[in-house]
Amino acid sequence: MHKEKYVIVCYTCENESEKKFNKTPRITCINVRRLDSKQAVSFSISQELEFLNYSKITNENFDKAEKSMLEKFYFYASHQCADKKWLHWRMYDAEYGFAALENRCKMLGGVPHIISDQDKIDICGLFKKRYGERFVKEKWRIKYLAEKNHIETAGFLGINEEAKAFKQKDYVRLMESPTRKTSIFLIFLDLAAQGKLKTDSSWSEIHGLTVQGLYDFLKEKWWFNLIVFVFGIALGGLISYYIK
């Protein structure tokens with residue numbers, strides 16, 4: 001895997017319930033992490049409020065700060081990540097996804113950089129193909145899977161917790177949450193690549209009930225390879241004996 005070709009993205013928004021009132025939820029923070037260097041870049045409303053020197057928080061100021069944040073994110077996406085593949089966790093619809101970011105940017109008068117669908121890869125979808133549809137039994141897959149694999153989750157916030165943090169103006173926690181999530185996703189991918197990611201999938205869901213599936217499973221075991229090696233030597237000696 002060419003890690004330099006991939007980045008991981010995650011973001012937080014004001015309140016998902018806003019969609020009930022025909023209002024796109026305000027984007028509060030976006031985190032992008034490179035796979036090769038593991039370095040992360042954050043774009044947040046709180047940073048923009050400071051840069052714009054807005055001591056008074058009004059809806060108009062929030063809109064300007066959010067627009068500035070989204071424009072900086074898209075500038076980064078188009079200049080620093082133009083040739084990258086974007087790894088994400090279920091960011092595939094207009095309610096929570098790349099389309100939601102684009103729509104919010106347009107609503108604020110900005111021009112988003114469109115990331116091609118061919119360059120978007122859903123990590124959750126990859127795991128479903130690799131480990132089966134029910135690779136985790138809990139609804140909130142990310143935190144559950146992290147805890148199952150003994151990965152640090154400090155700073156991780158669920159959707160409702162993120163909305164609450166925004167209302168409480170706890171911007172530090174809002175920035176920590178997507179940063180922690182992209183870090184967790186990176187560890188997930190590393191563990192999966194090493195064949196060490198723990199899931200709730202059964203053996204048959206992962207390998208399939210086929211001879212090929214059984215072989216693929218066994219060939220990863222040292223003792224199986226040892227048996228094959230010893231058997232090969234014994235068989236070779238047996239053949240040589242009868243040929244003589």
# chains A, B, ... in the order shown; residues from 1 in each chain; ligands from 1

$ residues_around --residues "range 80-97 of chain A" --least-positions-apart "5" --cutoff "7 Å" --atoms "only C-alpha atoms" --output "PyMOL selection string"
chain A and resi 5-10+119-124

$ residues_around --residues "range 103-109 of chain A" --least-positions-apart "3" --cutoff "7 Å" --atoms "only C-alpha atoms" --output "ChimeraX atom specification"
/A:24,63,67,70,99-100,112

$ write_last_selection --atoms "C-alpha atoms" --output "PDB file, in the first residue's frame"
ATOM      1  CA  THR A  24     -27.868  22.297   6.916  1.00  0.00           C
ATOM      2  CA  ASP A  63     -21.101  32.381   9.186  1.00  0.00           C
ATOM      3  CA  LYS A  67     -16.974  30.136   5.421  1.00  0.00           C
ATOM      4  CA  LEU A  70     -14.335  25.718   4.677  1.00  0.00           C
ATOM      5  CA  ALA A  99     -21.929  16.503  -0.057  1.00  0.00           C
ATOM      6  CA  ALA A 100     -22.876  18.121   3.268  1.00  0.00           C
ATOM      7  CA  PRO A 112     -16.010  24.112  -2.822  1.00  0.00           C
TER       8      PRO A 112
END

$ residues_around --residues "Ile184 in chain A" --least-positions-apart "4" --cutoff "7 Å" --atoms "only C-alpha atoms" --output "PyMOL selection string"
chain A and resi 146+180+188

$ closest_residue --among "A:His150, A:Lys128, A:Lys72, A:Lys3" --to "His113 in chain A" --atoms "only C-alpha atoms"
A:Lys72

$ select_by_dssp --residues "range 5-234 of chain A" --states "helix (DSSP H, G or I)" --output "number ranges by chain"
A: 5, 16-21, 45-51, 59-79, 98-107, 117-119, 123-131, 141-148, 159-167, 171-193, 203-207, 211-218, 222-234

$ residues_around --residues "range 141-145 of chain A" --least-positions-apart "5" --cutoff "8 Å" --atoms "only C-alpha atoms" --output "PyMOL selection string"
chain A and resi 136+153+156+198-199

$ select_by_dssp --residues "range 63-192 of chain A" --states "strand (DSSP E or B)" --output "VMD selection string"
chain A and resid 85 to 88 92 97 120 to 122

$ closest_residue --among "A:Glu133, A:Glu162, A:Glu147, A:Asp36" --to "Ser201 in chain A" --atoms "only C-alpha atoms"
A:Glu133
